[in-house]
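Colleague: You'll find start31.txt just under this line, and it carries compact mmCIF, C-alpha atoms and all ligand atoms.
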```txt
# COMPACT_ATOMS: atom_id res chain seq x y z
CA MET A 417 77.97 108.51 62.25
CA ALA A 418 80.47 106.47 60.23
CA SER A 419 81.21 102.92 61.24
CA PHE A 420 84.75 101.59 61.11
CA GLU A 421 85.40 97.91 60.48
CA ALA A 422 88.49 96.59 62.28
CA ARG A 423 89.86 93.52 60.49
CA PHE A 424 92.80 91.13 60.81
CA GLN A 425 94.92 92.62 58.06
CA GLY A 426 98.65 92.90 57.60
CA LEU A 427 99.41 90.38 60.35
CA PRO A 428 102.37 88.04 59.91
CA ALA A 429 101.25 84.54 58.86
CA ILE A 430 101.86 82.60 62.05
CA ALA A 431 100.47 79.14 62.69
CA GLY A 432 98.26 78.86 65.75
CA LEU A 433 97.64 82.62 66.09
CA LYS A 434 94.56 83.00 68.32
CA VAL A 435 92.62 85.66 70.16
CA SER A 436 93.73 85.26 73.74
CA ARG A 437 91.99 88.22 75.39
CA LEU A 438 89.40 90.91 74.64
CA LEU A 439 90.73 94.22 75.98
CA ALA A 440 87.54 96.28 75.44
CA GLN A 441 83.81 95.63 75.49
CA PRO A 442 80.89 96.85 73.37
CA GLY A 443 79.94 100.30 74.61
CA ASP A 444 83.52 101.24 75.59
CA GLY A 445 84.93 104.51 74.32
CA VAL A 446 88.33 103.85 72.73
CA GLY A 447 91.22 105.85 71.29
CA ALA A 448 92.76 104.92 67.93
CA ASP A 449 95.86 103.41 69.60
CA GLN A 450 93.92 101.62 72.29
CA PRO A 451 94.32 97.83 72.20
CA LEU A 452 91.07 95.97 71.51
CA LEU A 453 92.44 92.44 71.39
CA LEU A 454 95.46 90.45 72.44
CA VAL A 455 96.37 87.82 69.83
CA GLU A 456 98.98 85.22 70.59
CA SER A 457 100.73 82.15 69.28
CA ASP A 458 103.51 80.20 70.98
CA ALA A 459 106.02 82.72 69.65
CA LEU A 460 104.05 85.94 69.37
CA SER A 461 102.05 88.26 71.58
CA LEU A 462 100.47 91.23 69.83
CA GLU A 463 97.95 93.87 70.89
CA LEU A 464 95.66 95.03 68.09
CA PRO A 465 94.59 98.66 68.44
CA ALA A 466 91.13 99.98 67.57
CA GLY A 467 92.44 101.93 64.55
CA CYS A 468 90.02 104.84 65.08
CA THR A 469 88.57 106.85 67.95
CA GLY A 470 84.98 106.06 68.80
CA ARG A 471 82.66 103.73 70.67
CA VAL A 472 82.89 99.95 70.27
CA LYS A 473 79.61 98.91 68.65
CA SER A 474 80.24 95.18 68.46
CA LEU A 475 82.97 92.59 68.81
CA HIS A 476 82.96 89.66 66.39
CA VAL A 477 85.46 87.34 68.03
CA GLN A 478 85.92 85.77 71.42
CA ALA A 479 88.89 84.43 73.35
CA GLY A 480 90.14 81.21 71.77
CA ASP A 481 89.06 82.07 68.20
CA ALA A 482 91.67 81.48 65.49
CA VAL A 483 92.84 84.61 63.68
CA GLN A 484 91.48 84.42 60.11
CA PRO A 485 93.10 86.73 57.52
CA ASN A 486 90.88 89.73 56.74
CA ALA A 487 88.15 88.60 59.15
CA LEU A 488 86.13 91.33 60.88
CA PHE A 489 86.81 91.51 64.60
CA ALA A 490 85.09 94.74 65.66
CA ILE A 491 82.85 97.55 64.48
CA ILE A 492 83.48 100.99 65.94
CA ASP A 493 81.17 103.99 65.65
CA GLU A 494 83.63 106.75 64.84
CA ASP A 495 83.39 109.66 67.26
CA ALA A 496 86.39 111.92 67.81
CA SER A 497 84.79 113.43 70.95
CA VAL A 498 84.06 110.13 72.69
CA GLU A 499 85.07 109.78 76.33
CA ILE A 500 87.68 107.02 76.61
CA THR A 501 86.28 104.45 78.99
CA ALA A 502 88.17 101.25 78.14
CA ALA A 503 91.21 100.48 80.33
CA PRO A 504 94.24 102.54 79.29
CA VAL A 505 97.24 101.03 77.52
CA PRO A 506 99.74 99.94 80.18
CA VAL A 507 102.80 102.21 80.27
CA GLN A 508 105.10 99.24 80.62
CA ALA A 509 103.39 95.96 81.14
CA PRO A 510 105.84 93.10 81.68
CA ALA A 511 103.04 90.87 80.44
CA VAL A 512 103.16 92.23 76.88
CA SER A 513 106.07 91.30 74.71
CA ALA A 514 105.34 92.88 71.35
CA PRO A 515 104.81 96.48 70.28
CA ALA A 516 101.31 97.35 69.12
CA GLN A 517 100.67 97.35 65.37
CA PRO A 518 97.73 99.06 63.68
CA ALA A 519 94.67 96.83 63.42
CA VAL A 520 94.37 97.68 59.76
CA CYS A 521 97.75 98.05 58.21
CA ASP A 522 99.08 97.49 54.78
CA ALA A 523 101.49 94.54 54.82
CA ALA A 524 103.32 96.10 51.87
CA LEU A 525 104.32 99.00 54.11
CA LEU A 526 106.04 96.69 56.56
CA PRO A 527 109.58 95.57 55.81
CA HIS A 528 109.95 91.92 54.89
CA ALA A 529 110.92 90.02 58.03
CA THR A 530 111.27 86.29 58.43
CA PRO A 531 109.60 84.70 61.48
CA SER A 532 112.99 84.38 63.15
CA MET A 533 113.68 88.10 62.52
CA ARG A 534 110.28 88.98 63.93
CA GLN A 535 110.96 86.78 66.94
CA ARG A 536 114.34 88.48 67.42
CA ALA A 537 112.76 91.93 67.00
CA ARG A 538 110.21 91.10 69.67
CA GLU A 539 112.89 89.87 72.05
CA MET A 540 114.90 93.05 71.49
CA GLY A 541 111.79 95.23 71.84
CA VAL A 542 112.30 96.65 68.31
CA PRO A 543 109.20 97.35 66.17
CA VAL A 544 109.33 95.31 62.94
CA ALA A 545 108.47 98.52 61.09
CA GLY A 546 111.80 99.94 62.28
CA LEU A 547 113.95 97.18 60.79
CA ALA A 548 116.27 97.92 57.87
CA THR A 549 114.68 96.83 54.61
CA SER A 550 117.26 97.27 51.86
CA PRO A 551 118.64 94.09 50.29
CA ALA A 552 122.13 95.51 50.82
CA ALA A 553 121.46 95.89 54.53
CA ALA A 554 120.04 92.39 54.69
CA ALA A 555 123.02 90.94 52.88
CA ALA A 556 125.65 92.92 54.77
CA PRO A 557 127.96 90.82 56.89
CA SER A 558 127.04 91.11 60.56
CA ARG A 559 129.46 93.25 62.56
CA GLY A 560 129.06 93.29 66.31
CA GLY A 561 125.66 91.55 66.18
CA LEU A 562 124.58 88.70 68.41
CA ASP A 563 125.60 85.85 66.14
CA VAL A 564 124.54 83.15 68.55
CA LEU A 565 124.30 79.51 67.58
CA PRO A 566 120.80 78.11 67.09
CA TRP A 567 119.28 76.45 70.13
CA PRO A 568 120.44 72.78 70.20
CA LYS A 569 117.78 70.46 68.84
CA VAL A 570 118.04 67.29 70.90
CA ASP A 571 115.76 64.28 71.06
CA HIS A 572 115.99 64.00 74.85
CA ALA A 573 113.89 60.81 74.87
CA ARG A 574 116.81 59.02 73.22
CA PHE A 575 118.72 59.36 76.48
CA GLY A 576 116.00 58.42 78.99
CA PRO A 577 112.34 58.89 79.90
CA VAL A 578 111.03 62.45 79.65
CA GLN A 579 107.79 64.28 80.25
CA ARG A 580 106.76 67.32 78.16
CA GLN A 581 105.17 70.16 80.11
CA PRO A 582 103.49 73.17 78.50
CA ARG A 583 104.67 76.48 79.97
CA SER A 584 102.13 78.97 81.25
CA ARG A 585 101.40 82.17 79.38
CA VAL A 586 103.02 84.21 82.18
CA GLN A 587 106.14 82.03 82.07
CA LYS A 588 106.47 82.41 78.28
CA ILE A 589 105.99 86.16 78.36
CA SER A 590 108.29 86.75 81.30
CA ALA A 591 110.93 84.52 79.65
CA ALA A 592 110.86 86.73 76.53
CA ASN A 593 111.13 89.89 78.64
CA LEU A 594 113.92 88.52 80.84
CA HIS A 595 115.82 87.33 77.77
CA ARG A 596 115.60 90.77 76.14
CA ASN A 597 116.64 92.53 79.34
CA TRP A 598 119.60 90.21 79.91
CA VAL A 599 120.81 90.46 76.31
CA VAL A 600 120.28 94.21 75.82
CA ILE A 601 121.33 95.63 79.21
CA PRO A 602 124.99 95.45 80.28
CA HIS A 603 124.40 94.22 83.82
CA VAL A 604 126.85 94.60 86.69
CA THR A 605 125.97 93.34 90.17
CA ASN A 606 127.40 94.76 93.42
CA GLN A 607 127.12 92.93 96.73
CA ASP A 608 126.89 94.51 100.18
CA LEU A 609 125.76 93.60 103.70
CA ALA A 610 123.39 95.64 105.83
CA ASP A 611 123.41 95.34 109.61
CA ILE A 612 119.68 94.97 110.38
CA THR A 613 120.00 93.94 114.03
CA GLU A 614 118.13 97.01 115.29
CA LEU A 615 115.68 97.06 112.40
CA GLU A 616 114.70 93.45 112.97
CA ALA A 617 114.16 94.09 116.70
CA PHE A 618 111.99 97.09 115.77
CA ARG A 619 110.04 95.02 113.20
CA ARG A 620 109.34 92.32 115.78
CA ARG A 621 108.11 94.93 118.28
CA LEU A 622 105.91 96.40 115.57
CA ASN A 623 104.36 93.04 114.80
CA GLN A 624 103.82 92.18 118.45
CA ALA A 625 102.19 95.50 119.32
CA PRO A 626 100.92 97.14 116.14
CA ALA A 627 98.88 99.59 118.23
CA ILE A 628 102.05 101.48 119.21
CA GLU A 629 102.34 102.62 115.60
CA GLY A 630 98.63 103.27 115.26
CA ALA A 631 97.99 100.31 112.99
CA SER A 632 94.35 99.41 112.57
CA SER A 633 94.89 96.18 110.62
CA PRO A 634 96.68 93.03 111.69
CA THR A 635 98.93 93.05 108.59
CA LYS A 636 102.29 91.47 109.33
CA VAL A 637 105.18 93.78 108.52
CA THR A 638 107.93 91.89 106.74
CA LEU A 639 111.34 93.27 105.87
CA LEU A 640 110.16 94.03 102.35
CA ALA A 641 108.19 97.09 103.51
CA PHE A 642 111.38 98.59 105.00
CA LEU A 643 113.32 97.72 101.86
CA VAL A 644 110.77 99.68 99.81
CA LYS A 645 111.23 102.66 102.16
CA ALA A 646 115.02 102.42 101.89
CA ALA A 647 114.81 102.15 98.08
CA VAL A 648 112.69 105.31 97.87
CA ALA A 649 115.14 107.26 100.06
CA ALA A 650 118.11 106.04 97.98
CA LEU A 651 116.33 106.92 94.70
CA LYS A 652 115.76 110.44 96.06
CA ALA A 653 119.44 110.74 96.97
CA TYR A 654 120.65 109.30 93.64
CA PRO A 655 118.13 110.39 90.97
CA GLN A 656 119.98 108.71 88.09
CA PHE A 657 118.69 105.41 89.49
CA ASN A 658 115.10 106.67 89.22
CA ALA A 659 115.38 106.99 85.47
CA SER A 660 114.95 105.27 82.12
CA LEU A 661 116.93 105.49 78.92
CA ASP A 662 114.96 106.91 76.00
CA GLY A 663 117.16 107.04 72.93
CA ASP A 664 120.11 109.27 73.83
CA ASP A 665 118.22 110.90 76.71
CA LEU A 666 117.70 109.89 80.28
CA VAL A 667 114.15 110.38 81.56
CA LEU A 668 114.36 111.30 85.25
CA LYS A 669 111.18 110.39 87.11
CA GLN A 670 109.67 112.63 89.76
CA TYR A 671 107.59 109.82 91.24
CA TYR A 672 108.48 106.69 93.21
CA HIS A 673 106.68 103.52 92.10
CA ILE A 674 108.45 100.41 93.42
CA GLY A 675 107.96 96.94 91.92
CA PHE A 676 108.60 93.69 93.77
CA ALA A 677 109.06 90.22 92.31
CA ALA A 678 106.38 87.78 93.42
CA ASP A 679 106.80 84.06 93.01
CA THR A 680 103.42 82.68 91.84
CA PRO A 681 102.19 79.29 90.61
CA HIS A 682 101.81 80.83 87.12
CA GLY A 683 105.34 82.27 87.06
CA LEU A 684 107.20 85.39 88.10
CA MET A 685 105.17 88.61 88.33
CA VAL A 686 106.19 92.14 89.36
CA PRO A 687 103.36 94.13 91.00
CA VAL A 688 104.06 97.81 91.59
CA ILE A 689 103.50 99.88 94.75
CA VAL A 690 102.48 103.25 93.37
CA ASP A 691 103.69 106.41 95.15
CA ALA A 692 105.61 104.43 97.76
CA ASP A 693 107.13 107.71 98.98
CA ARG A 694 103.72 108.82 100.25
CA LYS A 695 103.00 105.60 102.16
CA SER A 696 103.94 104.45 105.65
CA VAL A 697 105.70 101.14 106.36
CA LEU A 698 102.35 99.71 107.53
CA GLU A 699 100.56 100.85 104.39
CA ILE A 700 103.31 99.40 102.21
CA ALA A 701 103.23 96.10 104.11
CA ALA A 702 99.45 95.88 103.64
CA GLU A 703 99.78 96.67 99.92
CA VAL A 704 102.55 94.09 99.44
CA ALA A 705 100.30 91.45 101.04
CA THR A 706 97.29 92.41 98.86
CA LEU A 707 99.26 92.62 95.62
CA ALA A 708 101.15 89.36 96.29
CA ALA A 709 97.84 87.59 96.99
CA SER A 710 96.32 88.99 93.77
CA ALA A 711 99.40 87.86 91.83
CA ARG A 712 99.18 84.34 93.23
CA GLU A 713 95.45 84.14 92.47
CA GLY A 714 96.04 85.38 88.90
CA ARG A 715 93.96 88.52 89.53
CA LEU A 716 96.68 91.11 88.90
CA LYS A 717 95.73 93.64 86.21
CA PRO A 718 98.32 94.93 83.69
CA ALA A 719 97.96 98.41 85.23
CA GLN A 720 99.10 96.99 88.58
CA MET A 721 102.37 95.88 86.97
CA SER A 722 103.01 99.12 85.09
CA GLY A 723 105.02 102.26 85.61
CA GLY A 724 107.63 100.88 88.02
CA CYS A 725 110.76 102.98 88.69
CA PHE A 726 112.86 100.39 90.52
CA SER A 727 112.31 96.77 91.54
CA ILE A 728 113.12 94.61 94.54
CA SER A 729 113.49 90.86 94.29
CA SER A 730 113.47 89.28 97.73
CA LEU A 731 114.53 85.70 98.25
CA GLY A 732 114.63 86.51 101.97
CA GLY A 733 111.98 83.98 102.93
CA ILE A 734 113.48 81.30 100.66
CA GLY A 735 117.28 81.07 100.60
CA SER A 736 120.66 81.78 98.93
CA THR A 737 123.45 84.11 99.97
CA SER A 738 123.60 86.29 96.83
CA PHE A 739 122.34 86.34 93.26
CA THR A 740 122.22 88.46 90.11
CA PRO A 741 118.71 89.87 89.67
CA ILE A 742 117.85 90.82 86.08
CA ILE A 743 116.91 94.47 85.59
CA ASN A 744 113.24 95.03 84.77
CA ALA A 745 113.49 97.23 81.63
CA PRO A 746 113.18 100.13 81.19
CA GLU A 747 114.31 100.53 84.79
CA VAL A 748 117.98 101.16 85.54
CA ALA A 749 118.58 98.94 88.56
CA ILE A 750 117.11 96.21 90.73
CA LEU A 751 117.82 95.22 94.33
CA GLY A 752 118.12 91.53 95.20
CA VAL A 753 117.82 90.47 98.84
CA CYS A 754 118.73 87.15 100.48
CA PRO A 755 118.01 85.79 103.97
CA SER A 756 119.63 87.60 106.86
CA SER A 757 121.88 85.60 109.18
CA TRP A 758 123.71 86.13 112.46
CA GLN A 759 127.39 86.80 111.85
CA PRO A 760 130.30 87.62 114.14
CA ARG A 761 131.33 91.26 113.60
CA CYS A 762 134.07 93.18 115.33
CA ASP A 763 132.94 96.54 116.75
CA GLY A 764 136.56 97.62 117.22
CA GLN A 765 136.89 96.14 120.69
CA ALA A 766 134.99 92.88 120.77
CA VAL A 767 133.41 90.37 118.44
CA VAL A 768 129.64 90.72 118.65
CA PRO A 769 126.81 88.86 116.90
CA ARG A 770 125.00 91.05 114.34
CA LEU A 771 122.11 90.22 112.02
CA MET A 772 123.43 90.81 108.50
CA LEU A 773 121.33 91.14 105.36
CA PRO A 774 122.92 90.33 101.96
CA LEU A 775 122.07 92.87 99.27
CA SER A 776 122.74 92.43 95.53
CA LEU A 777 122.27 95.45 93.27
CA SER A 778 122.23 94.89 89.48
CA TRP A 779 122.58 98.11 87.49
CA ASP A 780 122.70 99.19 83.87
CA HIS A 781 126.26 100.20 83.06
CA ARG A 782 125.05 102.38 80.18
CA VAL A 783 123.42 104.71 82.73
CA VAL A 784 125.27 104.21 85.99
CA ASP A 785 128.93 103.78 86.81
CA GLY A 786 130.46 101.59 89.47
CA ALA A 787 131.19 104.38 91.95
CA ALA A 788 127.57 105.59 91.90
CA ALA A 789 126.30 102.02 92.27
CA ALA A 790 128.55 101.39 95.28
CA ARG A 791 127.34 104.65 96.88
CA PHE A 792 123.70 103.88 96.14
CA LEU A 793 123.91 100.39 97.64
CA GLY A 794 125.93 101.66 100.61
CA HIS A 795 123.23 104.29 101.18
CA ILE A 796 120.55 101.57 101.30
CA ALA A 797 122.67 99.53 103.72
CA ARG A 798 123.16 102.55 106.02
CA LEU A 799 119.44 103.33 106.03
CA LEU A 800 118.57 99.75 106.93
CA ALA A 801 121.11 99.86 109.76
CA ASP A 802 119.49 102.93 111.34
CA VAL A 803 115.74 102.78 112.02
CA GLN A 804 115.65 106.54 112.74
CA LEU A 805 117.21 107.40 109.36
CA LEU A 806 114.81 105.06 107.60
CA GLN A 807 111.77 106.72 109.15
CA GLU A 808 112.85 110.27 108.22
N1 LIG A 901 115.82 87.43 105.88
C1 LIG A 901 115.25 86.60 106.76
N2 LIG A 901 113.94 86.34 106.77
C2 LIG A 901 113.18 86.97 105.86
C3 LIG A 901 113.72 87.85 104.91
C4 LIG A 901 115.11 88.07 104.95
N3 LIG A 901 115.71 88.87 104.08
N4 LIG A 901 112.73 88.30 104.12
C5 LIG A 901 111.60 87.71 104.54
N5 LIG A 901 111.88 86.93 105.59
C6 LIG A 901 110.94 86.12 106.34
C7 LIG A 901 109.70 86.88 106.68
O1 LIG A 901 109.87 87.75 107.76
C8 LIG A 901 108.76 85.75 106.96
O2 LIG A 901 109.10 85.17 108.18
P1 LIG A 901 108.14 85.22 109.48
O3 LIG A 901 106.89 84.52 109.03
O4 LIG A 901 108.88 84.46 110.54
O5 LIG A 901 107.95 86.66 109.80
C9 LIG A 901 109.14 84.74 105.90
O6 LIG A 901 110.47 85.07 105.55
C10 LIG A 901 108.28 84.73 104.66
O7 LIG A 901 108.18 86.03 104.14
P2 LIG A 901 107.34 86.24 102.81
O8 LIG A 901 108.12 85.78 101.64
O9 LIG A 901 106.00 85.65 102.97
O10 LIG A 901 107.09 87.82 102.80
P3 LIG A 901 107.96 88.95 102.14
O11 LIG A 901 107.20 90.19 102.39
O12 LIG A 901 109.35 88.91 102.61
O13 LIG A 901 107.96 88.64 100.59
C11 LIG A 901 107.15 88.24 98.41
C12 LIG A 901 106.81 88.73 99.80
C13 LIG A 901 105.92 88.38 97.54
C14 LIG A 901 108.28 89.10 97.82
C15 LIG A 901 107.65 86.79 98.50
O14 LIG A 901 106.63 85.97 99.02
C16 LIG A 901 108.10 86.22 97.19
O15 LIG A 901 107.32 85.86 96.32
N6 LIG A 901 109.44 86.10 97.05
C17 LIG A 901 110.05 85.50 95.87
C18 LIG A 901 110.55 86.56 94.93
C19 LIG A 901 111.30 85.91 93.80
O16 LIG A 901 110.91 84.90 93.26
N7 LIG A 901 112.44 86.52 93.46
C20 LIG A 901 113.28 85.98 92.44
C21 LIG A 901 113.03 86.70 91.17
S1 LIG A 901 114.27 86.36 90.02
O17 LIG A 901 113.75 84.97 89.43
```
Would you give me this structure, written as structure tokens?
Ligand code: CAO
Modeller:
Amino acid sequence: MASFEARFQGLPAIAGLKVSRLLAQPGDGVGADQPLLLVESDALSLELPAGCTGRVKSLHVQAGDAVQPNALFAIIDEDASVEITAAPVPVQAPAVSAPAQPAVCDAALLPHATPSMRQRAREMGVPVAGLATSPAAAAAPSRGGLDVLPWPKVDHARFGPVQRQPRSRVQKISAANLHRNWVVIPHVTNQDLADITELEAFRRRLNQAPAIEGASSPTKVTLLAFLVKAAVAALKAYPQFNASLDGDDLVLKQYYHIGFAADTPHGLMVPVIVDADRKSVLEIAAEVATLAASAREGRLKPAQMSGGCFSISSLGGIGSTSFTPIINAPEVAILGVCPSSWQPRCDGQAVVPRLMLPLSLSWDHRVVDGAAAARFLGHIARLLADVQLLQE
């Protein structure tokens, strides 16, 4: 059986590039494209694939090791029939900011790219290998590009005392993803209000007497579980929101995996409730609680943040009256939610107090138009206003 030596070759020369995580173990069966290592510097995050199909015989680096040019990092016993046992590559992991490059690749085959170009390519989600290489293209005057000014370099200490704080890995990676999504996606945000007076009364009854719904666990049902239900129903009614752009095509998904933003001490994370359409409100509430706890304890796996169709960002327990949530690419829309409040509403005859929930829907104007977005958000608001509709 031939042995394959995976080495650090063809990597851009970046100061401080280190192995940050081992993604497979000796004995694991791996595919050629399967990431073995995550290497990172302050500006780069790169998964290095195995480079051949087989079983990992040995790993020659550990987390924290500096990346040395041409150094051996793994030996793989080549075996095309091996059963893949290492964790699969996440479909869309918000925690990974750079496309995978072959572990052994010829640097001469890659186009020349300066560190700033590579940084820009990463932010835009464009593989460096796909960049134009001709001198003419490089020298061409930019037309319609993002000719932004460089970030201001200021010695803040000249103006008063300062304290420098390193940012967490999650914060750096989510910043790069949010930046790309904000720059690449033409966002529009619609606002609406849902009357949740009846829903909130129902939720309180549910929490006081879970047995009436057959609940076996004491999980508290928060509004988020109902929002997930409403999102699934609206995605079914408006399939173009359950989609992703892929080149000129729209990929319409036949499944309903709903992500939710979780505020954690390490930074923002988006766990995903898989197959939310097949789960009850109580099951969703329990899963939200488990996933949010895992996120806060730093135990969330990349697979638990992958494959989302649509996201919900709830500031309901915190504050604000509206905001512009940033779409979680490659999704098409995201629902932002703020705290509900009692408001005077006229029912046609009298002014009555109603509990109103502010909804903010950001959508990708390349995929959706304003009329569809208004209908989609209105649909969610109507579902939340009618507990019967929501349960159907
Ligand atoms: N209106 C009024 N009250 C609300 C509410 C709303 N829209 N949404 C939640 N609440 C209440 C809950 O009912 C709960 O109150 P009680 O204890 O009296 O029942 C309280 O607020 C706290 O809820 P919670 O935040 O613990 O639970 P949740 O299921 O609503 O949310 C989670 C879970 C993980 C989404 C949330 O904890 C969180 O992290 N939110 C922040 C998300 C975020 O950062 N978004 C911004 C992303 S863009 O940078």
Colleague: Return as a short mmCIF file (atom, residue, chain, number, x, y, z; two decimals) with C-alpha atoms, in the coordinates of the input every polymer residue, whether protein, DNA or RNA, with at least one atom no more than 6 Å from an atom of ligand LIG 901 (chain A); count all atoms listed in the file.
Modeller:
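See part.cif below for the written result:
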```
data_model
loop_
_atom_site.label_atom_id
_atom_site.label_comp_id
_atom_site.auth_asym_id
_atom_site.auth_seq_id
_atom_site.Cartn_x
_atom_site.Cartn_y
_atom_site.Cartn_z
CA THR A 638 107.93 91.89 106.74
CA LEU A 639 111.34 93.27 105.87
CA LEU A 640 110.16 94.03 102.35
CA ALA A 677 109.06 90.22 92.31
CA ALA A 678 106.38 87.78 93.42
CA ASP A 679 106.80 84.06 93.01
CA ALA A 708 101.15 89.36 96.29
CA SER A 729 113.49 90.86 94.29
CA SER A 730 113.47 89.28 97.73
CA LEU A 731 114.53 85.70 98.25
CA GLY A 732 114.63 86.51 101.97
CA GLY A 733 111.98 83.98 102.93
CA PRO A 741 118.71 89.87 89.67
CA VAL A 753 117.82 90.47 98.84
CA CYS A 754 118.73 87.15 100.48
CA PRO A 755 118.01 85.79 103.97
CA SER A 756 119.63 87.60 106.86
#
```
Colleague: Pick out the closest residue to Pro602 in chain A from this set: A:Arg574, A:Arg782, A:Arg621, A:Arg791. Count all atoms listed in the file.
Modeller: A:Arg782
Colleague: Tell me which protein, DNA and RNA residues are within 10 Å of Ser497 in chain A, counting all atoms listed in the file, leaving out same-chain ones fewer than 4 positions away, and put them as a list of chain:residue names.
Modeller: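 Those residues are A:Gly445, A:Gly447, A:Thr469, A:Gly470, A:Arg471.
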Colleague: Between CA of Ser590 in chain A and CA of Ala789 in chain A, what is the distance in Å, rounded to a tenth?
Modeller: 26.0 Å
Colleague: For Pro687 in chain A, which of A:Leu452, A:Leu433, A:Leu464, A:Ile674 is the closest residue, counting only C-alpha atoms?
Modeller: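 Counting only C-alpha atoms, the residue closest to Pro687 in chain A is A:Ile674.
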